[in-house]
file start-v5.cif (mmCIF, C-alpha atoms)
data_query
loop_
_atom_site.label_atom_id
_atom_site.label_comp_id
_atom_site.auth_asym_id
_atom_site.auth_seq_id
_atom_site.Cartn_x
_atom_site.Cartn_y
_atom_site.Cartn_z
CA MET A 1239 118.92 129.59 120.50
CA GLN A 1240 120.07 125.98 120.29
CA GLU A 1241 121.08 124.93 116.77
CA GLN A 1242 120.43 121.35 115.62
CA VAL A 1243 120.60 119.36 112.41
CA ALA A 1244 117.18 117.71 112.88
CA ILE A 1245 114.34 118.13 115.35
CA ILE A 1246 111.85 115.28 115.87
CA VAL A 1247 108.56 116.26 117.49
CA GLY A 1248 107.12 113.31 119.42
CA SER A 1249 108.60 110.18 121.02
CA GLY A 1250 105.95 107.61 120.27
CA PRO A 1251 106.88 104.64 118.05
CA SER A 1252 107.09 106.95 115.00
CA GLY A 1253 109.55 109.31 116.67
CA LEU A 1254 111.62 106.46 118.09
CA ALA A 1255 111.80 104.72 114.69
CA THR A 1256 112.96 107.98 113.12
CA ALA A 1257 115.59 108.54 115.80
CA ALA A 1258 116.99 105.04 115.26
CA CYS A 1259 117.15 105.51 111.48
CA LEU A 1260 118.88 108.88 111.82
CA SER A 1261 121.39 107.30 114.23
CA GLN A 1262 122.14 104.55 111.71
CA GLN A 1263 122.98 107.28 109.19
CA SER A 1264 125.03 109.27 111.78
CA ILE A 1265 122.65 112.25 111.52
CA PRO A 1266 122.44 114.27 114.79
CA TYR A 1267 118.96 115.04 116.15
CA ILE A 1268 116.98 115.98 119.23
CA ILE A 1269 113.46 114.81 120.19
CA LEU A 1270 110.97 117.18 121.81
CA GLU A 1271 108.25 115.31 123.74
CA ARG A 1272 105.36 116.96 125.62
CA GLU A 1273 104.86 114.07 128.08
CA GLU A 1274 107.31 112.83 130.73
CA CYS A 1275 107.80 109.44 129.06
CA ILE A 1276 108.15 107.81 125.65
CA ALA A 1277 105.11 106.24 123.96
CA SER A 1278 102.63 107.86 126.34
CA ILE A 1279 99.61 106.53 124.43
CA TRP A 1280 100.85 103.03 125.32
CA LYS A 1281 102.22 103.72 128.79
CA LYS A 1282 99.52 106.04 130.13
CA TYR A 1283 96.46 106.13 127.89
CA SER A 1284 95.60 102.57 126.84
CA TYR A 1285 93.52 99.80 128.39
CA ASP A 1286 95.07 96.81 130.13
CA ARG A 1287 94.03 94.02 127.74
CA LEU A 1288 95.29 95.80 124.62
CA HIS A 1289 97.39 93.77 122.17
CA LEU A 1290 98.88 94.81 118.85
CA HIS A 1291 96.08 94.06 116.41
CA LEU A 1292 98.45 92.87 113.68
CA ALA A 1293 100.94 90.01 113.77
CA LYS A 1294 104.32 91.04 115.17
CA GLN A 1295 106.18 90.95 111.84
CA PHE A 1296 104.00 93.85 110.65
CA CYS A 1297 104.73 95.91 113.80
CA GLU A 1298 108.50 95.85 114.25
CA LEU A 1299 110.41 99.11 114.27
CA PRO A 1300 113.47 99.47 112.00
CA HIS A 1301 116.76 97.73 112.78
CA MET A 1302 115.50 95.72 115.78
CA SER A 1303 113.20 92.69 115.67
CA PHE A 1304 110.90 91.53 118.43
CA PRO A 1305 112.43 88.78 120.60
CA ALA A 1306 111.70 85.31 119.20
CA SER A 1307 109.91 84.45 122.45
CA TYR A 1308 107.22 87.10 121.85
CA PRO A 1309 103.79 85.76 120.82
CA THR A 1310 102.35 86.48 117.37
CA PHE A 1311 100.03 89.16 118.79
CA VAL A 1312 102.11 91.17 121.24
CA PRO A 1313 100.39 92.32 124.47
CA LYS A 1314 100.71 95.89 125.72
CA LYS A 1315 103.26 95.17 128.48
CA MET A 1316 105.58 93.31 126.13
CA PHE A 1317 105.33 96.01 123.48
CA ILE A 1318 106.23 98.67 126.06
CA GLN A 1319 109.23 96.55 127.10
CA TYR A 1320 110.26 96.30 123.44
CA LEU A 1321 110.06 100.10 123.10
CA ASP A 1322 112.11 100.62 126.28
CA ASP A 1323 114.72 98.17 124.98
CA TYR A 1324 114.68 99.96 121.61
CA VAL A 1325 115.40 103.29 123.33
CA SER A 1326 118.31 101.73 125.25
CA HIS A 1327 119.71 99.96 122.19
CA PHE A 1328 119.81 103.13 120.07
CA ASN A 1329 120.67 105.42 122.99
CA ILE A 1330 117.62 107.63 122.37
CA SER A 1331 117.23 110.47 124.92
CA PRO A 1332 114.12 112.59 124.30
CA MET A 1333 113.80 116.00 125.92
CA PHE A 1334 110.66 115.44 127.97
CA GLN A 1335 107.92 117.88 128.98
CA ARG A 1336 108.59 120.11 125.99
CA THR A 1337 105.35 121.22 124.32
CA VAL A 1338 105.97 122.73 120.90
CA GLU A 1339 104.09 126.02 120.65
CA SER A 1340 105.28 127.07 117.20
CA ALA A 1341 107.49 125.89 114.37
CA GLU A 1342 108.17 128.21 111.45
CA TYR A 1343 110.57 128.15 108.52
CA ASN A 1344 112.88 131.15 108.30
CA GLU A 1345 113.53 132.01 104.65
CA VAL A 1346 116.68 134.01 105.49
CA SER A 1347 118.51 131.44 107.62
CA LYS A 1348 116.91 128.51 105.74
CA ARG A 1349 116.18 126.86 109.08
CA TRP A 1350 113.16 125.85 111.16
CA ILE A 1351 112.68 127.94 114.31
CA VAL A 1352 110.92 125.86 116.97
CA LYS A 1353 109.58 127.31 120.24
CA ALA A 1354 108.83 124.78 122.97
CA ARG A 1355 107.55 125.38 126.48
CA ASN A 1356 109.42 123.51 129.19
CA ALA A 1357 106.73 122.29 131.61
CA SER A 1358 109.26 122.03 134.47
CA SER A 1359 110.57 125.58 134.28
CA GLY A 1360 107.66 127.23 132.50
CA GLU A 1361 110.13 128.88 130.14
CA VAL A 1362 109.93 128.92 126.35
CA GLU A 1363 113.02 127.38 124.75
CA ILE A 1364 114.03 128.20 121.18
CA TYR A 1365 115.64 125.69 118.84
CA SER A 1366 116.60 125.88 115.19
CA ALA A 1367 117.23 123.05 112.74
CA LYS A 1368 117.69 122.38 109.06
CA PHE A 1369 115.14 119.56 109.21
CA LEU A 1370 111.83 119.32 111.09
CA LEU A 1371 110.25 115.88 111.49
CA VAL A 1372 106.63 115.73 112.67
CA ALA A 1373 106.20 112.44 114.55
CA THR A 1374 103.23 113.33 116.73
CA GLY A 1375 101.16 110.46 115.31
CA GLU A 1376 97.53 109.90 114.43
CA THR A 1377 96.45 109.65 118.08
CA THR A 1378 97.37 113.06 119.47
CA ASN A 1379 94.50 114.64 121.40
CA PRO A 1380 91.45 112.64 122.61
CA TYR A 1381 88.22 113.74 120.92
CA THR A 1382 84.80 113.68 122.59
CA PRO A 1383 81.84 114.94 120.53
CA GLU A 1384 79.41 117.45 121.96
CA VAL A 1385 76.21 115.79 123.17
CA GLU A 1386 73.18 117.79 124.29
CA GLY A 1387 72.60 117.43 128.02
CA LEU A 1388 75.80 115.53 128.75
CA ASN A 1389 76.53 118.02 131.53
CA THR A 1390 73.37 116.76 133.31
CA PHE A 1391 74.66 113.18 133.44
CA PRO A 1392 75.45 112.35 137.11
CA GLY A 1393 77.54 109.26 136.35
CA GLU A 1394 81.10 108.84 135.11
CA VAL A 1395 82.01 110.06 131.62
CA LEU A 1396 85.29 108.73 130.20
CA HIS A 1397 87.26 108.81 126.99
CA SER A 1398 88.77 105.48 125.94
CA THR A 1399 92.21 106.85 126.93
CA GLN A 1400 91.03 106.94 130.57
CA TYR A 1401 89.71 103.37 130.61
CA LYS A 1402 91.89 100.60 132.07
CA SER A 1403 89.77 97.56 132.95
CA GLY A 1404 86.17 96.41 133.27
CA LYS A 1405 86.62 95.12 136.82
CA GLU A 1406 85.40 98.38 138.37
CA PHE A 1407 82.19 98.32 136.31
CA THR A 1408 80.69 94.96 137.38
CA ASN A 1409 76.84 95.11 137.38
CA LYS A 1410 76.87 98.69 136.12
CA ASN A 1411 74.99 99.89 133.04
CA VAL A 1412 77.69 101.12 130.68
CA LEU A 1413 77.28 102.76 127.27
CA VAL A 1414 80.20 102.57 124.84
CA VAL A 1415 80.00 105.25 122.14
CA GLY A 1416 82.01 104.38 119.04
CA SER A 1417 82.67 101.04 117.44
CA GLY A 1418 86.25 101.11 116.24
CA ASN A 1419 88.65 98.56 117.64
CA SER A 1420 88.95 100.34 120.98
CA GLY A 1421 85.18 100.56 121.39
CA ALA A 1422 84.58 96.93 120.42
CA GLU A 1423 87.33 95.62 122.69
CA ILE A 1424 86.37 97.83 125.65
CA ALA A 1425 82.76 96.60 125.26
CA LEU A 1426 84.07 93.01 125.29
CA ASP A 1427 86.17 93.69 128.38
CA LEU A 1428 83.19 95.24 130.17
CA ALA A 1429 80.95 92.27 129.31
CA ASN A 1430 83.64 89.84 130.48
CA HIS A 1431 83.65 91.62 133.85
CA GLY A 1432 79.89 91.44 134.25
CA ALA A 1433 78.92 94.97 133.23
CA LYS A 1434 75.56 95.47 131.49
CA THR A 1435 77.11 96.68 128.28
CA SER A 1436 75.63 98.59 125.36
CA ILE A 1437 77.47 99.90 122.30
CA ILE A 1438 76.64 102.38 119.57
CA PHE A 1439 77.86 101.49 116.08
CA ARG A 1440 77.98 104.97 114.56
CA SER A 1441 78.84 103.60 111.12
CA PRO A 1442 78.87 100.23 109.29
CA ALA A 1443 81.77 97.92 110.13
CA HIS A 1444 83.75 95.08 108.57
CA PHE A 1445 84.14 92.26 111.12
CA LEU A 1446 87.35 90.32 110.42
CA SER A 1447 89.20 87.82 112.57
CA ARG A 1448 92.92 88.28 113.22
CA GLU A 1449 93.58 85.30 110.95
CA MET A 1450 91.62 86.90 108.10
CA VAL A 1451 93.60 90.13 108.47
CA TYR A 1452 96.88 88.21 108.48
CA LEU A 1453 95.82 86.39 105.30
CA GLY A 1454 94.73 89.67 103.71
CA LEU A 1455 97.99 91.49 104.50
CA THR A 1456 100.00 88.58 103.13
CA MET A 1457 97.89 88.47 99.94
CA LEU A 1458 98.29 92.23 99.40
CA LYS A 1459 101.96 91.61 98.56
CA TYR A 1460 100.86 89.66 95.48
CA PHE A 1461 97.29 90.66 94.56
CA PRO A 1462 95.38 93.93 94.02
CA VAL A 1463 93.34 95.44 96.87
CA SER A 1464 90.04 94.82 95.03
CA LEU A 1465 90.64 91.06 94.87
CA VAL A 1466 91.82 90.82 98.49
CA ASP A 1467 88.83 92.87 99.68
CA PHE A 1468 86.44 90.61 97.74
CA LEU A 1469 87.86 87.58 99.52
CA MET A 1470 87.80 89.31 102.94
CA VAL A 1471 84.14 90.25 102.59
CA MET A 1472 83.28 86.73 101.45
CA LEU A 1473 85.08 85.20 104.45
CA SER A 1474 83.46 87.72 106.80
CA LYS A 1475 80.01 86.76 105.51
CA LEU A 1476 80.79 83.06 105.94
CA VAL A 1477 82.02 83.44 109.51
CA TYR A 1478 79.83 86.25 110.85
CA GLY A 1479 76.75 86.06 108.65
CA ASP A 1480 74.30 88.94 108.31
CA LEU A 1481 74.98 91.44 111.09
CA THR A 1482 72.05 93.71 110.23
CA GLU A 1483 69.83 91.68 112.57
CA TYR A 1484 72.01 93.05 115.39
CA GLY A 1485 71.85 96.58 114.02
CA ILE A 1486 75.27 96.53 112.35
CA GLY A 1487 75.62 97.29 108.65
CA ARG A 1488 78.46 96.20 106.36
CA PRO A 1489 80.20 98.99 104.36
CA THR A 1490 79.84 99.02 100.58
CA GLU A 1491 83.60 99.60 100.19
CA GLY A 1492 86.15 96.89 101.00
CA PRO A 1493 88.07 96.78 104.32
CA PHE A 1494 91.59 97.37 102.99
CA TYR A 1495 90.42 100.01 100.52
CA MET A 1496 88.73 101.88 103.40
CA LYS A 1497 91.89 101.62 105.50
CA VAL A 1498 93.97 103.27 102.80
CA LYS A 1499 91.38 105.86 101.71
CA TYR A 1500 89.89 106.92 105.06
CA GLY A 1501 92.27 105.51 107.66
CA LYS A 1502 89.38 103.42 109.01
CA TYR A 1503 90.47 100.02 110.26
CA PRO A 1504 88.29 96.94 109.90
CA LEU A 1505 87.06 95.58 113.22
CA PHE A 1506 89.53 92.94 114.42
CA ASP A 1507 87.16 90.66 116.26
CA VAL A 1508 88.63 89.09 119.41
CA GLY A 1509 85.32 87.99 120.93
CA THR A 1510 82.94 90.96 120.62
CA TYR A 1511 80.80 89.26 117.97
CA LYS A 1512 79.94 86.31 120.24
CA LYS A 1513 78.92 88.68 123.04
CA ILE A 1514 76.67 90.62 120.65
CA LYS A 1515 75.15 87.40 119.35
CA SER A 1516 74.47 86.13 122.89
CA GLY A 1517 72.94 89.46 123.94
CA GLU A 1518 75.63 90.20 126.52
CA ILE A 1519 76.50 93.28 124.49
CA GLN A 1520 73.47 95.22 123.26
CA VAL A 1521 73.76 97.25 120.06
CA LEU A 1522 71.79 100.50 120.25
CA PRO A 1523 70.70 102.92 117.48
CA ALA A 1524 73.52 104.90 115.98
CA GLU A 1525 72.61 108.37 117.20
CA ILE A 1526 72.14 109.93 120.62
CA ILE A 1527 69.54 112.71 120.58
CA LYS A 1528 70.30 113.96 124.09
CA VAL A 1529 71.16 113.03 127.66
CA GLN A 1530 68.63 113.68 130.42
CA GLY A 1531 70.21 112.92 133.79
CA ASN A 1532 70.95 109.17 133.83
CA ASP A 1533 68.80 108.57 130.75
CA VAL A 1534 70.04 108.68 127.18
CA LEU A 1535 67.48 109.37 124.44
CA PHE A 1536 68.17 107.63 121.12
CA LYS A 1537 67.01 108.30 117.58
CA ASN A 1538 64.24 105.68 117.90
CA ASP A 1539 62.76 107.78 120.78
CA LYS A 1540 63.69 105.16 123.39
CA LEU A 1541 65.29 106.07 126.70
CA HIS A 1542 67.99 103.89 128.27
CA PRO A 1543 69.49 104.54 131.73
CA PHE A 1544 73.28 104.33 132.27
CA ASP A 1545 75.74 104.62 135.12
CA THR A 1546 78.77 105.30 132.90
CA ILE A 1547 79.38 106.55 129.35
CA ILE A 1548 82.67 105.75 127.63
CA PHE A 1549 83.49 107.69 124.46
CA CYS A 1550 85.66 105.68 122.07
CA THR A 1551 85.50 108.45 119.51
CA GLY A 1552 89.10 108.77 118.48
CA PHE A 1553 91.53 111.64 118.29
CA LYS A 1554 92.29 114.95 116.65
CA ARG A 1555 95.72 116.11 115.55
CA SER A 1556 96.99 119.48 116.85
CA THR A 1557 99.73 120.11 114.28
CA ASN A 1558 97.73 122.92 112.65
CA LEU A 1559 97.94 124.88 115.93
CA TRP A 1560 101.75 125.06 116.00
CA LEU A 1561 103.11 124.34 112.50
CA LYS A 1562 103.25 127.66 110.67
CA GLY A 1563 103.58 128.38 106.97
CA ASP A 1564 103.19 124.83 105.66
CA GLU A 1565 100.73 124.87 102.78
CA TYR A 1566 102.02 121.70 101.12
CA LEU A 1567 102.46 118.73 103.45
CA LEU A 1568 99.71 118.56 106.11
CA ASN A 1569 96.01 119.44 105.98
CA LYS A 1570 94.00 121.10 108.78
CA ASP A 1571 93.39 117.70 110.37
CA GLY A 1572 97.13 117.07 110.55
CA LEU A 1573 97.23 114.38 107.86
CA PRO A 1574 99.34 114.40 104.68
CA LYS A 1575 98.06 116.13 101.56
CA PRO A 1576 100.42 114.35 99.11
CA ALA A 1577 99.24 110.89 98.11
CA TYR A 1578 100.95 107.73 99.31
CA PRO A 1579 103.79 106.80 98.83
CA LYS A 1580 105.09 110.41 98.58
CA HIS A 1581 103.17 111.53 101.68
CA TRP A 1582 106.19 111.80 104.03
CA LYS A 1583 108.15 114.60 102.35
CA GLY A 1584 107.27 118.27 102.47
CA LYS A 1585 109.25 121.33 101.46
CA ASN A 1586 112.16 123.17 103.10
CA GLY A 1587 113.25 120.12 105.10
CA LEU A 1588 109.83 119.33 106.56
CA TYR A 1589 108.85 115.66 106.95
CA CYS A 1590 106.08 113.66 108.62
CA VAL A 1591 106.30 110.15 110.10
CA GLY A 1592 103.53 107.69 110.91
CA LEU A 1593 100.69 109.59 109.27
CA SER A 1594 100.17 107.32 106.24
CA ARG A 1595 97.33 105.44 107.99
CA ARG A 1596 99.34 102.26 107.68
CA GLY A 1597 100.10 101.68 111.35
CA LEU A 1598 103.52 100.78 112.74
CA TYR A 1599 104.52 99.19 109.43
CA GLY A 1600 103.91 102.50 107.65
CA ALA A 1601 105.73 104.50 110.34
CA SER A 1602 108.80 102.28 110.01
CA ALA A 1603 108.85 102.75 106.23
CA ASP A 1604 108.49 106.53 106.64
CA ALA A 1605 111.36 106.68 109.14
CA GLN A 1606 113.71 104.82 106.81
CA ASN A 1607 112.72 106.90 103.78
CA ILE A 1608 113.24 110.17 105.67
CA ALA A 1609 116.65 109.19 107.06
CA ASN A 1610 117.78 108.13 103.60
CA ASP A 1611 116.49 111.38 102.10
CA ILE A 1612 118.23 113.58 104.68
CA LYS A 1613 121.46 111.63 104.24
CA SER A 1614 121.32 112.19 100.47
CA ILE A 1615 121.18 115.99 100.87
CA THR A 1616 123.56 116.54 103.79
#
call {"tool": "encode", "arguments": {"input": "start-v5.cif", "output": "structure tokens"}}
result
Amino acid sequence: MQEQVAIIVGSGPSGLATAACLSQQSIPYIILEREECIASIWKKYSYDRLHLHLAKQFCELPHMSFPASYPTFVPKKMFIQYLDDYVSHFNISPMFQRTVESAEYNEVSKRWIVKARNASSGEVEIYSAKFLLVATGETTNPYTPEVEGLNTFPGEVLHSTQYKSGKEFTNKNVLVVGSGNSGAEIALDLANHGAKTSIIFRSPAHFLSREMVYLGLTMLKYFPVSLVDFLMVMLSKLVYGDLTEYGIGRPTEGPFYMKVKYGKYPLFDVGTYKKIKSGEIQVLPAEIIKVQGNDVLFKNDKLHPFDTIIFCTGFKRSTNLWLKGDEYLLNKDGLPKPAYPKHWKGKNGLYCVGLSRRGLYGASADAQNIANDIKSIT
């Protein structure tokens, strides 16, 4: 058994931020990472045209700013470079291809016992630590809903994590299921590459431009959420008008309130609205009844044929499968039970990073709070 002070599970931005903050406080740690690289969601499972949706000052990790030359909205390649530079700067060395199979607090030794399978050797390695830091993030395992008859579909079925670019879908009929930011931007990318694109908005959406979001985030420092949301909705109505004529409803709750309460982001529009308005992206009824070969039957009893279906239906957390004995910090969906801003601290030296539904900004705050807390009790 290898004894440690702290074990971080996950080397995405949350895990890296935590490692840097622990280093600044001279607290030893190890990182267990199931993939063979850091930030796998960025390096392996994201589409080519992806940018950070928020301005760069809201997305920096602790103790290292973005280079001044970086644009306001950082593209994927530059963000990956920033993360690689961050790892070098703080001398972070994750232990790759370690999948945590169980983590349990031992009441006798007062330590966390973590069992991780080494994918290279196939062996289970055992670690113990005084502190366990869950940094596996909100986007852990891709989720695809069950759809009747999907197994009869002869075309390609993808999750958004498998999509790279629209260039291979030119002139194809493509259905995008899910209308979060990934779905909306993938639909835009497909339309830009000449695919016959349709999208399902499974729930109402707030359309906001990047500039509106920047204004809103800045205002939130000085004004209550209710006032900022009122202004955001008013601006959205002015710019985008009534979207119900395209089959898209507007939520009754405000965009920033929904982000905090449900973790649901507003839709950062980077061109999707214009494509919907022009008819280049078709909005279809919100529910698929079943798939029959190439045809998809919708709730309005209409059939539409497709060559490809792309599910932009999000992720599920897997923490509940390996974290044993925690009744306080995380729920069955792997999100914190305690309310913000006390969401990051559990009991017996258990912490979680990047699960506050506040993006990279929230993960950075968590990492600093946790490092400070551990320092105060060691």
call {"tool": "resolve_selection", "arguments": {"input": "start-v5.cif", "expression": "the PyMOL selection byres ((chain A and resi 1294) around 12)", "output": "list in words"}}
result
His1289, Leu1290, His1291, Leu1292, Ala1293, Gln1295, Phe1296, Cys1297, Glu1298, Leu1299, Ser1303, Phe1304, Pro1305, Ala1306, Ser1307, Tyr1308, Pro1309, Thr1310, Phe1311, Val1312, Pro1313, Met1316, Phe1317, Tyr1320, Arg1448, Tyr1452, Leu1598 and Tyr1599 of chain A
call {"tool": "residues_around", "arguments": {"input": "start-v5.cif", "residues": "Gly1592 in chain A", "least_positions_apart": "4", "cutoff": "12 Å", "atoms": "all atoms listed in the file", "output": "MDAnalysis selection string"}}
result
chainID A and resid 1247:1256 1299 1371:1378 1501 1572:1574 1578 1581:1583 1596:1608
call {"tool": "atom_distance", "arguments": {"input": "start-v5.cif", "atom1": "CA of Asp1571 in chain A", "atom2": "CA of Leu1458 in chain A"}}
result
28.2 Å
call {"tool": "residues_around", "arguments": {"input": "start-v5.cif", "residues": "range 1462-1477 of chain A", "least_positions_apart": "5", "cutoff": "10 Å", "atoms": "all atoms listed in the file", "output": "NGL selection string"}}
result
:A and (1444-1447 or 1450-1451 or 1453-1457 or 1488-1496 or 1498)
call {"tool": "axis_aligned_box", "arguments": {"input": "start-v5.cif", "around": "range 1330-1337 of chain A", "padding_each_side": "4 Å", "output": "lines of an AutoDock Vina configuration file"}}
result
center_x = 111.5
center_y = 114.4
center_z = 125.7
size_x = 20.3
size_y = 21.6
size_z = 14.6
call {"tool": "closest_residue", "arguments": {"input": "start-v5.cif", "among": "A:Lys1282, A:Ile1519, A:Lys1353, A:Tyr1381", "to": "Ser1556 in chain A", "atoms": "all atoms listed in the file"}}
result
A:Tyr1381
call {"tool": "closest_residue", "arguments": {"input": "start-v5.cif", "among": "A:Phe1536, A:Trp1280, A:Phe1549, A:Trp1350", "to": "Gln1319 in chain A", "atoms": "all atoms listed in the file"}}
result
A:Trp1280
call {"tool": "resolve_selection", "arguments": {"input": "start-v5.cif", "expression": "the PyMOL selection byres ((chain A and resi 1241) around 12)", "output": "compact mmCIF listing (two decimals) with C-alpha atoms, in the coordinates of the input"}}
result
# COMPACT_ATOMS: atom_id res chain seq x y z
CA MET A 1239 118.92 129.59 120.50
CA GLN A 1240 120.07 125.98 120.29
CA GLN A 1242 120.43 121.35 115.62
CA VAL A 1243 120.60 119.36 112.41
CA ALA A 1244 117.18 117.71 112.88
CA ILE A 1245 114.34 118.13 115.35
CA PRO A 1266 122.44 114.27 114.79
CA TYR A 1267 118.96 115.04 116.15
CA ILE A 1268 116.98 115.98 119.23
CA SER A 1347 118.51 131.44 107.62
CA ARG A 1349 116.18 126.86 109.08
CA TRP A 1350 113.16 125.85 111.16
CA ILE A 1351 112.68 127.94 114.31
CA VAL A 1352 110.92 125.86 116.97
CA GLU A 1363 113.02 127.38 124.75
CA ILE A 1364 114.03 128.20 121.18
CA TYR A 1365 115.64 125.69 118.84
CA SER A 1366 116.60 125.88 115.19
CA ALA A 1367 117.23 123.05 112.74
CA LYS A 1368 117.69 122.38 109.06
CA PHE A 1369 115.14 119.56 109.21
call {"tool": "residues_around", "arguments": {"input": "start-v5.cif", "residues": "His1431 in chain A", "least_positions_apart": "6", "cutoff": "7 Å", "atoms": "only C-alpha atoms", "output": "ChimeraX atom specification"}}
result
/A:1404-1405,1408
call {"tool": "write_last_selection", "arguments": {"input": "start-v5.cif", "atoms": "C-alpha atoms", "output": "mmCIF file, keeping the file's coordinate frame"}}
result
data_model
loop_
_atom_site.group_PDB
_atom_site.id
_atom_site.type_symbol
_atom_site.label_atom_id
_atom_site.label_comp_id
_atom_site.auth_asym_id
_atom_site.auth_seq_id
_atom_site.Cartn_x
_atom_site.Cartn_y
_atom_site.Cartn_z
ATOM 1 C CA GLY A 1404 86.170 96.410 133.270
ATOM 2 C CA LYS A 1405 86.620 95.120 136.820
ATOM 3 C CA THR A 1408 80.690 94.960 137.380
#
call {"tool": "residues_around", "arguments": {"input": "start-v5.cif", "residues": "Lys1402 in chain A", "least_positions_apart": "2", "cutoff": "10 Å", "atoms": "all atoms listed in the file", "output": "number ranges by chain"}}
result
A: 1282-1288, 1398-1400, 1404-1406, 1424, 1427
call {"tool": "resolve_selection", "arguments": {"input": "start-v5.cif", "expression": "the PyMOL selection byres ((chain A and resi 1530) around 10)", "output": "list of chain:residue names"}}
result
A:Glu1386, A:Gly1387, A:Leu1388, A:Asn1389, A:Thr1390, A:Phe1391, A:Pro1392, A:Ile1527, A:Lys1528, A:Val1529, A:Gly1531, A:Asn1532, A:Asp1533, A:Val1534, A:Leu1535, A:Leu1541, A:Pro1543
call {"tool": "closest_residue", "arguments": {"input": "start-v5.cif", "among": "A:Val1508, A:Ala1357, A:Ala1524, A:Leu1396", "to": "Ile1437 in chain A", "atoms": "only C-alpha atoms"}}
result
A:Ala1524
call {"tool": "atom_distance", "arguments": {"input": "start-v5.cif", "atom1": "CA of Ala1443 in chain A", "atom2": "CA of Arg1595 in chain A"}}
result
17.4 Å
call {"tool": "atom_distance", "arguments": {"input": "start-v5.cif", "atom1": "CA of Phe1506 in chain A", "atom2": "CA of His1397 in chain A"}}
result
20.4 Å
call {"tool": "residues_around", "arguments": {"input": "start-v5.cif", "residues": "Gly1421 in chain A", "least_positions_apart": "2", "cutoff": "9 Å", "atoms": "all atoms listed in the file", "output": "list of chain:residue names"}}
result
A:Ser1398, A:Val1414, A:Val1415, A:Gly1416, A:Ser1417, A:Gly1418, A:Asn1419, A:Glu1423, A:Ile1424, A:Ala1425, A:Leu1426, A:Ile1437, A:Ile1438, A:Ile1548, A:Phe1549, A:Cys1550, A:Thr1551
call {"tool": "closest_residue", "arguments": {"input": "start-v5.cif", "among": "A:Phe1553, A:Phe1544, A:Trp1560, A:Phe1439", "to": "Leu1413 in chain A", "atoms": "only C-alpha atoms"}}
result
A:Phe1544
call {"tool": "closest_residue", "arguments": {"input": "start-v5.cif", "among": "A:Asp1545, A:Asp1480, A:Glu1525, A:Glu1274", "to": "Ser1358 in chain A", "atoms": "all atoms listed in the file"}}
result
A:Glu1274
call {"tool": "build_atoms", "arguments": {"input": "start-v5.cif", "residues": "range 1444-1453 of chain A", "atoms": "N, CA, C and O atoms", "output": "CSV table (one decimal), keeping the file's coordinate frame"}}
result
chain,number,residue,atom,x,y,z
A,1444,HIS,N,83.3,96.4,109.1
A,1444,HIS,CA,83.8,95.1,108.6
A,1444,HIS,C,84.3,94.3,109.8
A,1444,HIS,O,85.2,94.7,110.4
A,1445,PHE,N,83.6,93.2,110.1
A,1445,PHE,CA,84.1,92.3,111.1
A,1445,PHE,C,85.1,91.3,110.5
A,1445,PHE,O,84.7,90.5,109.5
A,1446,LEU,N,86.4,91.3,110.9
A,1446,LEU,CA,87.4,90.3,110.4
A,1446,LEU,C,88.1,89.7,111.6
A,1446,LEU,O,88.3,90.4,112.6
A,1447,SER,N,88.4,88.4,111.5
A,1447,SER,CA,89.2,87.8,112.6
A,1447,SER,C,90.7,88.2,112.3
A,1447,SER,O,91.0,88.6,111.2
A,1448,ARG,N,91.5,88.0,113.4
A,1448,ARG,CA,92.9,88.3,113.2
A,1448,ARG,C,93.5,87.4,112.1
A,1448,ARG,O,94.4,87.9,111.3
A,1449,GLU,N,93.1,86.2,112.0
A,1449,GLU,CA,93.6,85.3,111.0
A,1449,GLU,C,93.2,85.8,109.5
A,1449,GLU,O,94.0,85.7,108.6
A,1450,MET,N,92.0,86.3,109.4
A,1450,MET,CA,91.6,86.9,108.1
A,1450,MET,C,92.5,88.1,107.7
A,1450,MET,O,93.0,88.2,106.6
A,1451,VAL,N,92.8,88.9,108.7
A,1451,VAL,CA,93.6,90.1,108.5
A,1451,VAL,C,95.0,89.7,108.1
A,1451,VAL,O,95.6,90.3,107.2
A,1452,TYR,N,95.5,88.7,108.8
A,1452,TYR,CA,96.9,88.2,108.5
A,1452,TYR,C,96.9,87.7,107.0
A,1452,TYR,O,97.9,88.0,106.3
A,1453,LEU,N,95.9,86.9,106.7
A,1453,LEU,CA,95.8,86.4,105.3
A,1453,LEU,C,95.7,87.5,104.3
A,1453,LEU,O,96.4,87.5,103.3
